[in-house]
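To be precise, the following lines are coords05.tsv, and they hold TSV, C-alpha atoms and all ligand atoms.
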```
chain	number	residue	atom	x	y	z
A	1029	MET	CA	-14.49	25.86	18.20
A	1030	ARG	CA	-14.42	26.47	14.48
A	1031	LEU	CA	-12.47	23.77	12.69
A	1032	ALA	CA	-10.94	24.04	9.24
A	1033	SER	CA	-13.34	22.74	6.59
A	1034	GLY	CA	-10.80	20.14	5.45
A	1035	MET	CA	-11.32	18.25	8.72
A	1036	GLY	CA	-14.88	17.47	7.66
A	1037	ARG	CA	-13.57	15.89	4.48
A	1038	LEU	CA	-10.88	13.75	6.07
A	1039	GLY	CA	-11.63	10.05	5.72
A	1040	THR	CA	-10.12	7.08	7.51
A	1041	GLU	CA	-8.78	3.58	7.07
A	1042	SER	CA	-11.50	1.14	8.14
A	1043	ALA	CA	-8.91	-1.59	8.72
A	1044	PHE	CA	-8.08	0.18	11.98
A	1045	GLU	CA	-11.78	0.30	12.98
A	1046	VAL	CA	-12.29	-3.39	12.20
A	1047	LEU	CA	-9.13	-4.15	14.16
A	1048	ALA	CA	-10.56	-2.24	17.14
A	1049	ARG	CA	-13.89	-4.14	16.91
A	1050	ALA	CA	-12.08	-7.48	16.57
A	1051	THR	CA	-9.90	-6.63	19.57
A	1052	ALA	CA	-12.96	-5.68	21.64
A	1053	LEU	CA	-14.71	-8.96	20.73
A	1054	LYS	CA	-11.54	-10.89	21.63
A	1055	ALA	CA	-11.34	-9.07	24.97
A	1056	ALA	CA	-14.94	-10.15	25.60
A	1057	GLY	CA	-13.86	-13.77	25.16
A	1058	ARG	CA	-14.76	-14.36	21.48
A	1059	ASP	CA	-12.35	-16.34	19.32
A	1060	ILE	CA	-11.66	-14.07	16.33
A	1061	ILE	CA	-9.45	-14.90	13.35
A	1062	ASN	CA	-8.06	-11.67	12.00
A	1063	LEU	CA	-7.80	-11.60	8.22
A	1064	GLY	CA	-8.48	-7.88	8.23
A	1065	ILE	CA	-5.12	-6.44	9.07
A	1066	GLY	CA	-2.67	-5.36	6.37
A	1067	GLN	CA	0.60	-6.24	7.99
A	1068	PRO	CA	2.93	-9.26	7.86
A	1069	ASP	CA	2.43	-11.71	10.71
A	1070	PHE	CA	6.22	-12.19	10.93
A	1071	PRO	CA	8.53	-10.46	13.40
A	1072	THR	CA	11.12	-8.01	12.11
A	1073	PRO	CA	14.26	-10.07	11.32
A	1074	ALA	CA	16.61	-10.25	14.32
A	1075	HIS	CA	19.62	-8.55	12.68
A	1076	ILE	CA	17.45	-5.50	11.94
A	1077	VAL	CA	16.20	-5.34	15.53
A	1078	GLU	CA	19.80	-5.62	16.75
A	1079	ALA	CA	20.89	-2.72	14.55
A	1080	GLY	CA	18.15	-0.55	16.06
A	1081	VAL	CA	19.11	-1.53	19.62
A	1082	LYS	CA	22.80	-0.94	18.89
A	1083	ALA	CA	22.03	2.54	17.52
A	1084	LEU	CA	20.27	3.41	20.77
A	1085	ARG	CA	23.18	2.02	22.82
A	1086	ASP	CA	25.64	3.95	20.63
A	1087	GLY	CA	23.91	7.18	21.57
A	1088	HIS	CA	21.88	8.00	18.46
A	1089	HIS	CA	19.24	9.84	20.45
A	1090	GLY	CA	19.01	13.19	18.74
A	1091	TYR	CA	17.53	14.78	15.65
A	1092	THR	CA	18.90	13.67	12.30
A	1093	PRO	CA	18.85	15.63	9.03
A	1094	ALA	CA	15.18	16.10	8.06
A	1095	ASN	CA	15.56	14.06	4.86
A	1096	GLY	CA	17.27	11.18	6.71
A	1097	ILE	CA	20.86	10.23	7.53
A	1098	LEU	CA	23.10	10.05	4.49
A	1099	PRO	CA	24.14	6.38	4.96
A	1100	LEU	CA	20.45	5.41	4.88
A	1101	ARG	CA	19.74	7.48	1.78
A	1102	GLU	CA	22.81	5.89	0.19
A	1103	ALA	CA	21.52	2.44	1.12
A	1104	VAL	CA	18.21	3.32	-0.56
A	1105	ALA	CA	20.09	4.44	-3.68
A	1106	ARG	CA	21.97	1.10	-3.72
A	1107	ASP	CA	18.67	-0.76	-3.33
A	1108	MET	CA	17.12	1.22	-6.19
A	1109	GLN	CA	20.12	0.31	-8.37
A	1110	LEU	CA	20.01	-3.35	-7.38
A	1111	ARG	CA	16.27	-3.96	-7.61
A	1112	ARG	CA	15.00	-1.37	-10.07
A	1113	ASN	CA	18.19	-0.88	-12.03
A	1114	ILE	CA	18.14	2.89	-11.87
A	1115	ALA	CA	20.72	5.36	-10.61
A	1116	VAL	CA	19.27	7.52	-7.84
A	1117	ASP	CA	20.99	10.53	-6.28
A	1118	PRO	CA	20.79	10.07	-2.48
A	1119	ASP	CA	19.85	13.75	-2.29
A	1120	HIS	CA	16.60	12.93	-4.08
A	1121	VAL	CA	15.66	10.38	-1.41
A	1122	VAL	CA	13.53	11.62	1.49
A	1123	ILE	CA	13.20	9.33	4.50
A	1124	VAL	CA	9.83	9.59	6.22
A	1125	PRO	CA	7.93	7.93	9.10
A	1126	GLY	CA	6.18	5.32	6.91
A	1127	GLY	CA	5.08	5.09	3.30
A	1128	LYS	CA	1.93	7.02	4.16
A	1129	VAL	CA	3.94	10.18	4.70
A	1130	THR	CA	5.36	10.23	1.15
A	1131	MET	CA	1.74	9.85	0.02
A	1132	ALA	CA	0.57	12.73	2.21
A	1133	PHE	CA	3.43	15.00	1.12
A	1134	ALA	CA	2.81	14.34	-2.58
A	1135	ILE	CA	-0.91	15.00	-2.24
A	1136	LEU	CA	-0.34	18.15	-0.16
A	1137	MET	CA	2.09	19.41	-2.79
A	1138	PHE	CA	-0.41	19.15	-5.64
A	1139	GLY	CA	-3.85	19.29	-4.03
A	1140	GLU	CA	-5.91	22.47	-3.67
A	1141	PRO	CA	-9.40	23.60	-4.63
A	1142	GLY	CA	-9.78	23.56	-8.41
A	1143	ALA	CA	-7.20	20.79	-8.91
A	1144	GLU	CA	-7.97	17.16	-9.73
A	1145	ILE	CA	-6.00	14.17	-8.50
A	1146	MET	CA	-6.69	10.69	-9.86
A	1147	TYR	CA	-6.51	7.64	-7.62
A	1148	PRO	CA	-7.22	3.90	-7.99
A	1149	ASP	CA	-10.67	2.66	-6.91
A	1150	PRO	CA	-10.87	0.19	-5.23
A	1151	GLY	CA	-7.68	1.48	-3.65
A	1152	PHE	CA	-5.92	2.41	-0.45
A	1153	PRO	CA	-8.47	4.67	1.29
A	1154	ILE	CA	-5.96	7.30	2.38
A	1155	TYR	CA	-5.44	8.47	-1.21
A	1156	ARG	CA	-8.98	9.76	-1.48
A	1157	SER	CA	-9.07	10.97	2.10
A	1158	MET	CA	-5.97	13.13	1.73
A	1159	ILE	CA	-6.98	14.42	-1.72
A	1160	GLU	CA	-10.34	15.59	-0.39
A	1161	PHE	CA	-8.69	17.07	2.69
A	1162	THR	CA	-6.71	19.42	0.43
A	1163	GLY	CA	-9.91	20.58	-1.29
A	1164	ALA	CA	-8.88	19.02	-4.61
A	1165	GLU	CA	-11.32	16.84	-6.49
A	1166	ALA	CA	-10.63	13.12	-6.06
A	1167	VAL	CA	-11.18	11.44	-9.43
A	1168	PRO	CA	-11.48	7.64	-9.20
A	1169	MET	CA	-9.70	5.44	-11.75
A	1170	ALA	CA	-11.74	2.24	-11.90
A	1171	LEU	CA	-9.92	-1.07	-11.55
A	1172	TYR	CA	-11.47	-4.14	-13.12
A	1173	GLU	CA	-11.74	-7.67	-11.80
A	1174	ASP	CA	-11.58	-9.09	-15.33
A	1175	LYS	CA	-8.30	-7.23	-15.91
A	1176	GLY	CA	-6.78	-8.71	-12.73
A	1177	PHE	CA	-7.65	-5.42	-11.02
A	1178	ALA	CA	-5.38	-3.39	-13.27
A	1179	PHE	CA	-6.45	-0.03	-14.69
A	1180	SER	CA	-7.07	0.55	-18.37
A	1181	ALA	CA	-4.38	2.99	-19.56
A	1182	GLU	CA	-6.68	4.20	-22.31
A	1183	GLU	CA	-9.45	4.99	-19.85
A	1184	VAL	CA	-7.12	6.70	-17.37
A	1185	LEU	CA	-5.56	8.88	-20.07
A	1186	ALA	CA	-9.05	9.83	-21.30
A	1187	GLN	CA	-9.93	11.04	-17.78
A	1188	ILE	CA	-7.11	13.61	-17.71
A	1189	THR	CA	-8.35	17.20	-17.87
A	1190	PRO	CA	-6.53	20.56	-17.81
A	1191	ARG	CA	-7.11	20.49	-14.03
A	1192	THR	CA	-5.38	17.13	-13.46
A	1193	ARG	CA	-2.24	17.63	-11.36
A	1194	LEU	CA	-1.31	14.17	-10.10
A	1195	ILE	CA	-2.11	10.54	-10.91
A	1196	ILE	CA	-1.61	7.89	-8.23
A	1197	VAL	CA	-0.70	4.37	-9.33
A	1198	ASN	CA	-0.38	1.39	-6.95
A	1199	SER	CA	0.99	-1.95	-8.13
A	1200	PRO	CA	0.94	-4.52	-6.59
A	1201	ALA	CA	-2.17	-3.12	-5.01
A	1202	ASN	CA	-4.02	-2.90	-1.77
A	1203	PRO	CA	-6.82	-4.10	-1.45
A	1204	THR	CA	-6.96	-6.29	-4.55
A	1205	GLY	CA	-3.49	-7.84	-4.87
A	1206	GLY	CA	-3.77	-6.70	-8.48
A	1207	VAL	CA	-0.72	-6.03	-10.61
A	1208	VAL	CA	-0.64	-3.60	-13.53
A	1209	PRO	CA	1.00	-5.46	-16.45
A	1210	LYS	CA	4.04	-3.87	-18.06
A	1211	ALA	CA	2.18	-3.52	-21.38
A	1212	GLU	CA	-0.46	-1.35	-19.67
A	1213	LEU	CA	2.24	0.81	-18.03
A	1214	ASP	CA	3.91	1.20	-21.46
A	1215	LYS	CA	0.65	2.57	-22.88
A	1216	PHE	CA	0.09	4.78	-19.85
A	1217	VAL	CA	3.56	6.34	-20.02
A	1218	ALA	CA	3.36	6.78	-23.81
A	1219	GLY	CA	0.07	8.65	-23.38
A	1220	LEU	CA	1.51	10.87	-20.65
A	1221	ALA	CA	3.75	12.47	-23.29
A	1222	ASP	CA	0.65	14.48	-24.28
A	1223	HIS	CA	0.24	15.72	-20.70
A	1224	PRO	CA	3.68	16.96	-19.65
A	1225	GLU	CA	2.24	18.96	-16.73
A	1226	VAL	CA	0.77	15.91	-14.94
A	1227	ALA	CA	2.85	14.36	-12.14
A	1228	VAL	CA	2.68	10.68	-11.12
A	1229	MET	CA	3.05	9.07	-7.72
A	1230	SER	CA	3.82	5.36	-7.94
A	1231	ASP	CA	3.08	3.53	-4.70
A	1232	GLU	CA	5.30	0.46	-4.95
A	1233	ILE	CA	5.29	-0.53	-1.28
A	1234	TYR	CA	4.44	-4.15	-2.22
A	1235	ALA	CA	7.09	-4.37	-4.99
A	1236	ARG	CA	8.89	-7.29	-3.38
A	1237	MET	CA	5.69	-9.35	-3.17
A	1238	CYS	CA	5.14	-10.46	-6.76
A	1239	TYR	CA	4.23	-14.04	-7.66
A	1240	ASP	CA	4.13	-16.52	-10.53
A	1241	GLY	CA	7.62	-15.52	-11.67
A	1242	VAL	CA	6.34	-12.20	-13.03
A	1243	PRO	CA	8.93	-9.52	-12.22
A	1244	HIS	CA	7.68	-6.29	-10.68
A	1245	ALA	CA	7.02	-3.67	-13.36
A	1246	SER	CA	8.06	-0.32	-11.91
A	1247	LEU	CA	7.28	3.15	-13.22
A	1248	THR	CA	10.90	4.02	-12.42
A	1249	ALA	CA	11.84	2.08	-15.56
A	1250	TYR	CA	10.63	4.93	-17.81
A	1251	PRO	CA	13.27	7.69	-18.12
A	1252	GLU	CA	10.80	9.92	-19.96
A	1253	ILE	CA	8.74	10.57	-16.79
A	1254	GLN	CA	11.52	10.66	-14.17
A	1255	ASP	CA	11.33	14.44	-13.90
A	1256	ARG	CA	7.72	14.14	-12.67
A	1257	LEU	CA	7.64	10.77	-10.92
A	1258	ILE	CA	7.45	10.35	-7.15
A	1259	LEU	CA	8.27	6.82	-6.02
A	1260	LEU	CA	6.77	5.62	-2.73
A	1261	ASP	CA	8.40	2.61	-1.07
A	1262	GLY	CA	9.42	1.61	2.42
A	1263	TRP	CA	10.28	-1.01	4.96
A	1264	SER	CA	6.86	-1.71	6.54
A	1265	LYS	CA	5.74	-4.65	4.42
A	1266	THR	CA	9.03	-5.97	2.98
A	1267	TYR	CA	10.82	-6.26	6.32
A	1268	ALA	CA	7.77	-6.68	8.59
A	1269	MET	CA	8.47	-3.26	10.12
A	1270	THR	CA	5.02	-1.63	10.23
A	1271	GLY	CA	5.46	-0.41	13.79
A	1272	TRP	CA	8.90	1.12	13.27
A	1273	ARG	CA	7.50	3.83	10.98
A	1274	LEU	CA	10.01	4.09	8.18
A	1275	GLY	CA	9.52	4.77	4.49
A	1276	TRP	CA	11.27	6.41	1.58
A	1277	GLY	CA	10.31	8.58	-1.32
A	1278	VAL	CA	12.41	9.19	-4.41
A	1279	TRP	CA	11.50	12.64	-5.67
A	1280	PRO	CA	12.28	14.49	-8.88
A	1281	ALA	CA	15.18	16.94	-8.36
A	1282	SER	CA	12.74	19.86	-8.42
A	1283	LEU	CA	10.59	18.46	-5.58
A	1284	ALA	CA	13.05	16.78	-3.17
A	1285	GLU	CA	13.75	20.02	-1.32
A	1286	LEU	CA	10.03	20.80	-1.00
A	1287	ALA	CA	9.40	17.31	0.40
A	1288	THR	CA	12.18	17.93	2.92
A	1289	ARG	CA	10.61	21.26	3.81
A	1290	LEU	CA	7.32	19.49	4.51
A	1291	ALA	CA	9.23	17.03	6.72
A	1292	ILE	CA	10.79	19.92	8.64
A	1293	ASN	CA	7.32	21.35	9.21
A	1294	VAL	CA	5.64	18.09	10.16
A	1295	ASN	CA	7.98	15.53	11.71
A	1296	SER	CA	11.50	17.06	11.81
A	1297	CYS	CA	13.00	13.65	11.03
A	1298	VAL	CA	12.43	9.93	11.55
A	1299	ASN	CA	13.43	8.31	14.83
A	1300	ALA	CA	17.23	8.03	14.61
A	1301	ALA	CA	17.60	4.41	15.77
A	1302	THR	CA	14.93	3.29	13.29
A	1303	GLN	CA	17.01	4.75	10.48
A	1304	PHE	CA	19.98	2.57	11.48
A	1305	ALA	CA	17.69	-0.45	11.50
A	1306	GLY	CA	16.65	0.57	7.98
A	1307	ILE	CA	20.28	0.41	6.78
A	1308	ALA	CA	20.65	-3.10	8.24
A	1309	ALA	CA	17.45	-4.15	6.47
A	1310	LEU	CA	18.55	-2.97	3.02
A	1311	ASP	CA	22.23	-3.97	3.26
A	1312	GLY	CA	21.83	-7.19	5.26
A	1313	PRO	CA	20.79	-10.71	4.29
A	1314	GLN	CA	17.52	-10.91	2.39
A	1315	ASP	CA	16.69	-14.54	3.15
A	1316	SER	CA	13.97	-13.65	5.66
A	1317	VAL	CA	12.25	-11.52	3.01
A	1318	ASP	CA	12.46	-14.40	0.54
A	1319	GLU	CA	11.11	-16.83	3.14
A	1320	MET	CA	8.22	-14.54	4.02
A	1321	VAL	CA	7.28	-14.04	0.37
A	1322	ARG	CA	7.42	-17.82	-0.18
A	1323	ALA	CA	5.07	-18.28	2.79
A	1324	PHE	CA	2.67	-15.67	1.38
A	1325	ASP	CA	2.73	-17.43	-1.98
A	1326	GLN	CA	1.76	-20.77	-0.38
A	1327	ARG	CA	-1.01	-19.11	1.60
A	1328	ARG	CA	-2.21	-17.41	-1.56
A	1329	SER	CA	-2.81	-20.80	-3.21
A	1330	VAL	CA	-4.67	-22.09	-0.16
A	1331	ILE	CA	-6.91	-19.06	0.31
A	1332	ILE	CA	-7.76	-18.61	-3.38
A	1333	ASP	CA	-8.77	-22.28	-3.73
A	1334	ARG	CA	-10.83	-22.15	-0.57
A	1335	LEU	CA	-12.51	-18.82	-1.47
A	1336	ASN	CA	-13.48	-20.11	-4.91
A	1337	ALA	CA	-15.08	-23.14	-3.27
A	1338	LEU	CA	-17.40	-20.97	-1.12
A	1339	PRO	CA	-20.94	-20.66	-2.51
A	1340	GLY	CA	-21.49	-17.20	-4.02
A	1341	PHE	CA	-17.78	-16.32	-3.93
A	1342	ARG	CA	-15.51	-15.88	-6.94
A	1343	CYS	CA	-11.89	-14.86	-6.52
A	1344	ALA	CA	-9.42	-13.73	-9.18
A	1345	GLN	CA	-5.82	-14.89	-8.66
A	1346	PRO	CA	-3.95	-11.91	-7.18
A	1347	GLY	CA	-0.51	-11.33	-8.70
A	1348	GLY	CA	1.04	-9.57	-5.70
A	1349	ALA	CA	0.87	-8.18	-2.14
A	1350	PHE	CA	-0.90	-10.34	0.48
A	1351	TYR	CA	-4.56	-9.65	-0.21
A	1352	ALA	CA	-7.39	-11.56	-1.87
A	1353	PHE	CA	-10.41	-9.59	-3.07
A	1354	PRO	CA	-13.21	-12.02	-3.84
A	1355	ASN	CA	-16.42	-11.02	-5.57
A	1356	ILE	CA	-19.28	-11.90	-3.20
A	1357	GLU	CA	-22.27	-10.72	-5.26
A	1358	GLY	CA	-23.46	-14.32	-5.58
A	1359	THR	CA	-24.15	-14.46	-1.84
A	1360	GLY	CA	-26.80	-11.73	-2.06
A	1361	LEU	CA	-25.15	-9.81	0.79
A	1362	SER	CA	-23.69	-6.34	0.45
A	1363	SER	CA	-19.99	-5.95	1.19
A	1364	ARG	CA	-20.65	-4.18	4.47
A	1365	ALA	CA	-23.22	-6.76	5.56
A	1366	MET	CA	-20.72	-9.51	4.77
A	1367	GLN	CA	-17.99	-7.77	6.80
A	1368	ASP	CA	-20.32	-7.42	9.79
A	1369	ALA	CA	-21.77	-10.94	9.55
A	1370	LEU	CA	-18.39	-12.61	9.20
A	1371	LEU	CA	-17.07	-10.75	12.23
A	1372	THR	CA	-20.03	-11.21	14.55
A	1373	GLU	CA	-21.36	-14.59	13.38
A	1374	ALA	CA	-18.31	-16.43	12.02
A	1375	GLY	CA	-15.64	-14.74	14.13
A	1376	VAL	CA	-13.56	-13.80	11.08
A	1377	ALA	CA	-12.37	-10.21	10.58
A	1378	VAL	CA	-12.31	-9.07	6.94
A	1379	ILE	CA	-12.79	-5.63	5.38
A	1380	SER	CA	-15.73	-4.54	3.24
A	1381	GLY	CA	-14.75	-3.65	-0.33
A	1382	THR	CA	-16.62	-0.35	0.03
A	1383	SER	CA	-13.95	0.80	2.50
A	1384	PHE	CA	-11.73	1.07	-0.58
A	1385	GLY	CA	-14.06	3.08	-2.80
A	1386	VAL	CA	-17.36	2.88	-4.64
A	1387	HIS	CA	-15.99	0.28	-7.05
A	1388	GLY	CA	-15.38	-2.00	-4.05
A	1389	GLU	CA	-19.09	-2.82	-3.63
A	1390	GLY	CA	-19.58	-6.53	-4.22
A	1391	TYR	CA	-16.16	-7.47	-2.82
A	1392	VAL	CA	-14.46	-8.05	0.53
A	1393	ARG	CA	-10.76	-7.93	1.34
A	1394	PHE	CA	-9.00	-10.84	2.97
A	1395	SER	CA	-5.43	-10.40	4.15
A	1396	TYR	CA	-3.57	-13.69	4.02
A	1397	ALA	CA	-0.84	-12.47	6.34
A	1398	ALA	CA	-1.94	-15.25	8.69
A	1399	SER	CA	-0.94	-18.90	9.19
A	1400	ILE	CA	-2.32	-21.57	6.87
A	1401	GLY	CA	-4.03	-23.11	9.91
A	1402	ALA	CA	-5.80	-19.82	10.64
A	1403	ILE	CA	-6.78	-19.40	6.98
A	1404	GLU	CA	-8.21	-22.96	6.81
A	1405	GLU	CA	-10.13	-22.47	10.04
A	1406	ALA	CA	-11.50	-19.11	8.82
A	1407	MET	CA	-12.66	-20.71	5.55
A	1408	ASP	CA	-14.36	-23.55	7.49
A	1409	ARG	CA	-16.18	-21.01	9.61
A	1410	ILE	CA	-17.25	-18.91	6.61
A	1411	GLY	CA	-18.44	-22.06	4.81
A	1412	GLY	CA	-20.48	-22.95	7.91
A	1413	PHE	CA	-21.95	-19.45	8.09
A	1414	LEU	CA	-22.93	-19.45	4.41
A	1415	SER	CA	-24.60	-22.85	4.60
A	1416	SER	CA	-26.50	-21.90	7.77
A	1417	ARG	CA	-27.86	-18.90	5.86
A	1418	ALA	CA	-28.88	-21.12	2.95
A	1419	ALA	CA	-30.63	-23.61	5.23
B	1	LIG	N1	0.57	2.18	0.46
B	1	LIG	C1	-0.23	1.12	0.47
B	1	LIG	C2	-0.85	0.66	-0.80
B	1	LIG	C3	-0.49	0.44	1.67
B	1	LIG	O1	-1.29	-0.64	1.68
B	1	LIG	C4	0.08	0.92	2.86
B	1	LIG	C5	-0.20	0.29	4.16
B	1	LIG	O2	-1.10	-0.48	4.35
B	1	LIG	C6	0.90	2.04	2.80
B	1	LIG	C7	1.13	2.65	1.58
B	1	LIG	C8	1.48	2.67	4.03
B	1	LIG	O3	2.51	1.98	4.59
B	1	LIG	P1	3.23	2.49	5.92
B	1	LIG	O4	2.75	1.61	7.02
B	1	LIG	O5	4.70	2.33	5.62
B	1	LIG	O6	2.86	3.92	6.15
```
Rewrite the structure of this file - the entire thing - as structure tokens.
Ligand code: PLP
Amino acid sequence: MRLASGMGRLGTESAFEVLARATALKAAGRDIINLGIGQPDFPTPAHIVEAGVKALRDGHHGYTPANGILPLREAVARDMQLRRNIAVDPDHVVIVPGGKVTMAFAILMFGEPGAEIMYPDPGFPIYRSMIEFTGAEAVPMALYEDKGFAFSAEEVLAQITPRTRLIIVNSPANPTGGVVPKAELDKFVAGLADHPEVAVMSDEIYARMCYDGVPHASLTAYPEIQDRLILLDGWSKTYAMTGWRLGWGVWPASLAELATRLAINVNSCVNAATQFAGIAALDGPQDSVDEMVRAFDQRRSVIIDRLNALPGFRCAQPGGAFYAFPNIEGTGLSSRAMQDALLTEAGVAVISGTSFGVHGEGYVRFSYAASIGAIEEAMDRIGGFLSSRAA
């Protein structure tokens, strides 16, 4: 068989590999605490589940329009008005099977040999994987611990070349929990005026998970880039719906039809019943979202305090999402060695920072989408492991 060369460049998301190893260890009788997985540990709220079940009972079993059913796209437009204060034409919304698909479509639209696409590093590993798959050059934008894992607008703008086609921004971020401050976005957008040919994809899938009373700063707030901005959002994290596979993109008028054409070629449409559940999520009560975010906030305090008390660990306060990204250089272990040792010796699954890019060396990712009891127990075990090493 002779495979396409892109297949050799396709990366992966190590969180799924660590999950598989943790599951195998559990099956072999080991007690593993999983702080590796990037999904809420809450069930989907009952009224959303009911809406999905009802849609199946009501006979919604067939294909839907490729860009999603109109009532769902209208619900997204209402949500965009309510939470981001912008008017969105439902025809510019494309419903996809998960946030990842908006990401893939945007990268496929702009990536080809000779093009450059910029992505955050450390960042969600699929950005780089998909960019390299297309044959484009993946250009890392470094994120800095001492800037709360935000990018430097000045540095990013200086990296733009005549070959740059797309810049990917993610705030709040995976894996760092970092938030790009509004002042940095202001500078970034102002600088983009000199590069009118460069498109931006803003991955705002963690927008509802912002802490310390700091409102989410969205790139949709800048009218001057709306004709070249792709917004990625979805239901997976906000409504604890990772397994339903539902996401939305808001595309510039000139690209919405192309995104729909990609959907027709790849997935036809999203599961019909899931789309009805998506309407119930956006239009229904939001108290379960608020409760979940409050729980994450409490866990954030616990895990950050405990991580900072571990010898050789130092952890910046994350402003959003549900991840902590401590610096572990003081332990003398590499990120990968720490991931392996914590899994096999302490029974705690975490993800090496290097899974998120070269700038992730010296860090590990903890997901705090786990109970406070589990977090405390994990920290006890890690403390025990570190002191046994020191002894
Ligand atoms: N974007 C970021 C930054 C993520 O962390 C994730 C999931 O972990 C996604 C997008 C994809 O979400 P979905 O499960 O909706 O495809």
With all atoms listed in the file counted and 7 Å as the cut-off, give the residues of chain A in contact with ligand LIG 1 (chain B), each with its shortest interatomic distance in Å and the pair that gives it, as a Markdown table.
```
| residue | atom | partner | partner_atom | distance |
| --- | --- | --- | --- | --- |
| A:Gly1066 | CA | B:LIG1 | O2 | 5.5 |
| A:Gly1126 | CA | B:LIG1 | O5 | 3.6 |
| A:Gly1127 | CA | B:LIG1 | O5 | 3.6 |
| A:Lys1128 | CA | B:LIG1 | O6 | 3.8 |
| A:Val1129 | CA | B:LIG1 | O6 | 6.5 |
| A:Phe1152 | CA | B:LIG1 | C2 | 5.4 |
| A:Asn1198 | CA | B:LIG1 | C2 | 6.2 |
| A:Ala1201 | CA | B:LIG1 | C2 | 5.8 |
| A:Asn1202 | CA | B:LIG1 | C2 | 4.9 |
| A:Asp1231 | CA | B:LIG1 | N1 | 5.9 |
| A:Ile1233 | CA | B:LIG1 | N1 | 5.7 |
| A:Gly1262 | CA | B:LIG1 | O5 | 5.7 |
| A:Trp1263 | CA | B:LIG1 | O5 | 6.5 |
| A:Ser1264 | CA | B:LIG1 | O5 | 4.7 |
| A:Thr1270 | CA | B:LIG1 | O4 | 5.1 |
| A:Arg1273 | CA | B:LIG1 | O5 | 6.2 |
| A:Leu1274 | CA | B:LIG1 | O5 | 6.2 |
| A:Gly1275 | CA | B:LIG1 | O5 | 5.5 |
```
- Task: Kindly provide, as a list in words, the polymer residues lying within 8 Å of (-15.5, -2.4, 8.2), counting only C-alpha atoms and using the coordinates exactly as they appear in the file.
- Result: Ser1042, Ala1043, Glu1045, Val1046, Arg1364, Gln1367, Asp1368, Val1378, Ile1379, Ser1380 and Ser1383 of chain A
- Query: For Gly1090 of chain A, which residue among A:Ala1218, A:Asp1333, A:Asn1299, A:Leu1338 is the nearest when counting all atoms listed in the file?
  - Reply: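 Looking at the shortest contact to Gly1090 of chain A, the residue is A:Asn1299.
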- Task: Name the closest residue to Arg1049 of chain A among the candidates A:Glu1173, A:Gly1388, A:Arg1417, A:Leu1371; distances are taken between atoms, counting all atoms listed in the file.
- Result: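 Residue with the minimum atom-to-atom distance to Arg1049 of chain A: A:Leu1371.
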- Task: For segment 1095-1103 of chain A, list every protein, DNA or RNA residue within 12 Å, evaluated using only C-alpha atoms, and leave out those in the same chain fewer than 6 positions away; present the list as a PyMOL selection string.
- Result: chain A and resi 1088+1109-1110+1115-1125+1130+1262+1274-1279+1284-1312
Would you save the residues of that selection, restricted to C-alpha atoms, as a short mmCIF file (atom, residue, chain, number, x, y, z; two decimals), in the frame of the given file?
```cif
data_model
loop_
_atom_site.label_atom_id
_atom_site.label_comp_id
_atom_site.auth_asym_id
_atom_site.auth_seq_id
_atom_site.Cartn_x
_atom_site.Cartn_y
_atom_site.Cartn_z
CA HIS A 1088 21.88 8.00 18.46
CA GLN A 1109 20.12 0.31 -8.37
CA LEU A 1110 20.01 -3.35 -7.38
CA ALA A 1115 20.72 5.36 -10.61
CA VAL A 1116 19.27 7.52 -7.84
CA ASP A 1117 20.99 10.53 -6.28
CA PRO A 1118 20.79 10.07 -2.48
CA ASP A 1119 19.85 13.75 -2.29
CA HIS A 1120 16.60 12.93 -4.08
CA VAL A 1121 15.66 10.38 -1.41
CA VAL A 1122 13.53 11.62 1.49
CA ILE A 1123 13.20 9.33 4.50
CA VAL A 1124 9.83 9.59 6.22
CA PRO A 1125 7.93 7.93 9.10
CA THR A 1130 5.36 10.23 1.15
CA GLY A 1262 9.42 1.61 2.42
CA LEU A 1274 10.01 4.09 8.18
CA GLY A 1275 9.52 4.77 4.49
CA TRP A 1276 11.27 6.41 1.58
CA GLY A 1277 10.31 8.58 -1.32
CA VAL A 1278 12.41 9.19 -4.41
CA TRP A 1279 11.50 12.64 -5.67
CA ALA A 1284 13.05 16.78 -3.17
CA GLU A 1285 13.75 20.02 -1.32
CA LEU A 1286 10.03 20.80 -1.00
CA ALA A 1287 9.40 17.31 0.40
CA THR A 1288 12.18 17.93 2.92
CA ARG A 1289 10.61 21.26 3.81
CA LEU A 1290 7.32 19.49 4.51
CA ALA A 1291 9.23 17.03 6.72
CA ILE A 1292 10.79 19.92 8.64
CA ASN A 1293 7.32 21.35 9.21
CA VAL A 1294 5.64 18.09 10.16
CA ASN A 1295 7.98 15.53 11.71
CA SER A 1296 11.50 17.06 11.81
CA CYS A 1297 13.00 13.65 11.03
CA VAL A 1298 12.43 9.93 11.55
CA ASN A 1299 13.43 8.31 14.83
CA ALA A 1300 17.23 8.03 14.61
CA ALA A 1301 17.60 4.41 15.77
CA THR A 1302 14.93 3.29 13.29
CA GLN A 1303 17.01 4.75 10.48
CA PHE A 1304 19.98 2.57 11.48
CA ALA A 1305 17.69 -0.45 11.50
CA GLY A 1306 16.65 0.57 7.98
CA ILE A 1307 20.28 0.41 6.78
CA ALA A 1308 20.65 -3.10 8.24
CA ALA A 1309 17.45 -4.15 6.47
CA LEU A 1310 18.55 -2.97 3.02
CA ASP A 1311 22.23 -3.97 3.26
CA GLY A 1312 21.83 -7.19 5.26
#
```
- So what do you get for atom CA of Ala1397 of chain A versus atom CA of Met1108 of chain A, distance-wise?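 Straight-line distance from atom CA of Ala1397 of chain A to atom CA of Met1108 of chain A works out to 25.8 Å.
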